[in-house]
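The next block holds one structure in the form of structure tokens; read it before the comments.
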Protein chains: 2
Amino acid sequence: MSLQLPQSVTVVEQGPRDGFQNEKEVIPTEEKVRIIDALSDTGLKAMQVTSFVHPKWVPQLGDAEEVLKRMKRAEGIKYSALVLNEKGLQRAIESEIGTIDVGVSASETHSRKNVNMTVQEGLDRILGVIEAGKEAGLSVRAGVMCSFGCVFEGNVPMENVLRIASSFLSAGAEGIGLADTTGMGNPADVYELFSRLIDIADGVPVSAHFHNTRGSGLANVLAAMQAGCNVFDGAIGGLGGCPFAPGATGNVATADLVNMFHEMGIETGIDLEKLVECARMVESILGKELPGQVLRAGPVKH
Amino acid sequence: MSLQLPQSVTVVEQGPRDGFQNEKEVIPTEEKVRIIDALSDTGLKAMQVTSFVHPKWVPQLGDAEEVLKRMKRAEGIKYSALVLNEKGLQRAIESEIGTIDVGVSASETHSRKNVNMTVQEGLDRILGVIEAGKEAGLSVRAGVMCSFGCVFEGNVPMENVLRIASSFLSAGAEGIGLADTTGMGNPADVYELFSRLIDIADGVPVSAHFHNTRGSGLANVLAAMQAGCNVFDGAIGGLGGCPFAPGATGNVATADLVNMFHEMGIETGIDLEKLVECARMVESILGKELPGQVLRAGPVKH
């Protein structure tokens, strides 16, 4: 055997949503816009910039419309927002964002804490959002949260994850993501579940979203890549977590991800030095050290 | 293709040497012994406990004889010490430690800073140590430092690494290790170099030593395992670095390594909960947070 090394991969920046939602202090809109604009200038091709959830539940992203109005929309970048219900979809349509990300948790307990619904109720609602979003001309990507375990329930059966993903595919989702919301995944399960998902996805792009809670974020990236996945989420500086999943810590840091890809000879189109500068800017705005490693050590020098 | 998942792997604890040597404050001998004894009780089968280098260069390990005299030597554990010259070998023989680890850097600049010799001079000296060590009845493992790059020189040609490894094999080393001393390795190079080494090693066990400087430590472990390696170094809590390589940060944390293996269904014989307790004890003794992730998040719960 040999390692599967694609020529290029797509890196999706999630910090402005998955990261900002998890900060205790609400980041001022102008700082968010400054960070997003700087990220737009790194060569990234996709970025999730906010979420249309109710500000009562996630006050950190209560300024979604304002962020979308003020940020620059660079050519060649697919900006998206997370949407979890019909109301959020309406807000997305009014904000003229071309792509939405929707999601369902594969864990009953996490689903109840996250959206106060059973998995099936959440799925039914999201299938309606996918349909309505597509009718409104939006591009829709759909993700499965807690695909690799749940802090409340432990193991999450792969069959449950694949059943949700199949429903997304039938509804016409243009991308399917598996998220390890609480950093419980391991490379063996990641490889198996991504292999099985790619089998049923029939060419629809599949993406991987890992948290580095137990240090194996990039190992899981490598495993997903071996299974054929070539779209990977990261968050600037390793920001992130889930407000409704205790113990969930940061996403894989985008610069760590990009450094590893570039060192492996895999193209991302991203200027790593600029990305590291962004991470340092976020540290300075938040006034604290972030967990990303490459922002400390710097990219590898040849 | 599918992932290569061995039934079991050997984890070699390196914290008492690679970790302790890199702490600014010299850790008192009794605390070292307390940590080593606790580690001996976790189910680990191999541990590098100190180094016989001149105390002028590495004062942190100046108590090598005392540590070896006071620590308990549990059955079934292969204790070793690092030796870099004839004088160190004599001290190892007198201390009645059954196994020594020797090493040569593949980088000219790092070699000069580490042992004040060219690579070839360092290799000649170590080949003499291997021969004399074997004559004295010791088990000898030999490692190549800076196998995946050097902070001073950038790339290190794979041919240079393999040439050193071949010399070690000809001299009868009973194990060959490749060390990514400064965390510059990536999974593609790791896979290629370990594949090539295993080809020439002809059954002699091969081991991998990764630092997590840029977050890809466990990804490199996964890549080495795909190439057929099944002996992995770690350091308790993610301690470590190299006093003669600026920017070198900690080893992969042993608990992160073991958590990943166990989650993949790969046996280590180690009690992960006990290992995490050890890491927390080291944090308490050193009075600071260590970078290991599983010691913060805890092992995955099923």
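Note on naming: chains are A, B, ... as they come in the structure tokens, residues start from 1 per chain, ligands start from 1 in the order shown.
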Which residues of chain A have any atom within 6 Å of an atom in chain B when counting only C-alpha atoms, and what is the closest pair of atoms for each, with the distance in Å to one decimal? Order the rows by chain and rising number and write it as CSV.
residue,atom,partner,partner_atom,distance
A:Gly154,CA,B:His302,CA,4.2
A:Asn155,CA,B:His302,CA,5.6
A:Met184,CA,B:Val300,CA,6.0
A:Ala188,CA,B:Met264,CA,5.3
A:Arg214,CA,B:Gln293,CA,4.9
A:Gly215,CA,B:Gln293,CA,5.6
A:Ser216,CA,B:Leu218,CA,5.8
A:Leu218,CA,B:Ala219,CA,5.5
A:Ala219,CA,B:Ala219,CA,3.7
A:Met264,CA,B:Ala188,CA,5.3
A:Gln293,CA,B:Arg214,CA,4.9
A:Val294,CA,B:Arg214,CA,5.0
A:Val300,CA,B:Met184,CA,6.0
A:Lys301,CA,B:Gly154,CA,5.8
A:His302,CA,B:Gly154,CA,4.2
inquiry  = I'd like to know which residues of region 175-264 of chain A are strand (DSSP E) (by DSSP, run on the backbone); could you write them as a PyMOL selection string?
reply    = chain A and resi 175-180+206-210+231-234
remark   = Computed gap from CA of Thr109 (chain A) to CA of Ile236 (chain A) is 28.7 Å
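CA of Met47 (chain A) sits 13.1 Å away from CA of Leu275 (chain A).
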Please provide the set of residues having any atom within 10 Å of Cys229 (chain B), restricted to only C-alpha atoms, with same-chain residues fewer than 5 positions apart removed, written as a PDB file with C-alpha atoms, in the first residue's frame.
ATOM      1  CA  PRO B   6      -1.480  -3.860  14.101  1.00  0.00           C
ATOM      2  CA  VAL B   9       2.266  -1.674  19.564  1.00  0.00           C
ATOM      3  CA  THR B  10       5.048  -0.876  22.021  1.00  0.00           C
ATOM      4  CA  GLY B 177      14.798   4.761  15.649  1.00  0.00           C
ATOM      5  CA  TYR B 191       5.648   7.154   5.393  1.00  0.00           C
ATOM      6  CA  PHE B 194       9.931   4.468   7.402  1.00  0.00           C
ATOM      7  CA  SER B 195       8.998   2.290   4.428  1.00  0.00           C
ATOM      8  CA  LEU B 197      14.094   1.936   6.541  1.00  0.00           C
ATOM      9  CA  ILE B 198      11.900  -1.115   7.202  1.00  0.00           C
ATOM     10  CA  PRO B 205      12.574  -3.418  15.129  1.00  0.00           C
ATOM     11  CA  VAL B 206      12.121   0.155  13.963  1.00  0.00           C
ATOM     12  CA  SER B 207      10.808   2.921  16.203  1.00  0.00           C
ATOM     13  CA  ALA B 208       9.415   6.418  15.704  1.00  0.00           C
ATOM     14  CA  VAL B 221       2.530   8.275  14.185  1.00  0.00           C
ATOM     15  CA  LEU B 222      -0.348   7.092  11.998  1.00  0.00           C
ATOM     16  CA  ALA B 223       1.792   7.441   8.867  1.00  0.00           C
ATOM     17  CA  ALA B 224       4.722   5.522  10.396  1.00  0.00           C
TER      18      ALA B 224
END
key: Members of region 29-274 of chain A assigned helix (DSSP H, G or I) by DSSP, as a ChimeraX atom specification   = /A:29-40,59-61,64-70,86-94,108-115,119-135,158-170,187-201,217-226,236-238,254-263,272-274
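Interatomic distance, CA of Glu66 (chain A) to CA of Phe52 (chain A): 11.5 Å.
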Nearest to Arg125 (chain B) by atom-to-atom distance, counting only C-alpha atoms, from B:Gly88, B:Gly228, B:Gly98, B:Pro28 = B:Gly88
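With only C-alpha atoms taken into account, the protein and nucleic acid residues at most 12 Å from Ala74 (chain A) (excluding it and anything under 3 positions from it in its own chain) are Ile36, Asp37, Ala38, Leu39, Ser40, Asp41, Thr42, Gly43, Leu44, Lys45, Ala46, Met47, Met71, Ile77, Lys78 and Tyr79 of chain A.
Each of A:Arg73, A:Ile93, A:Leu178, A:Asp124 was compared to Ala136 (chain A) using only C-alpha atoms, and A:Ile93 turns out to be the nearest.
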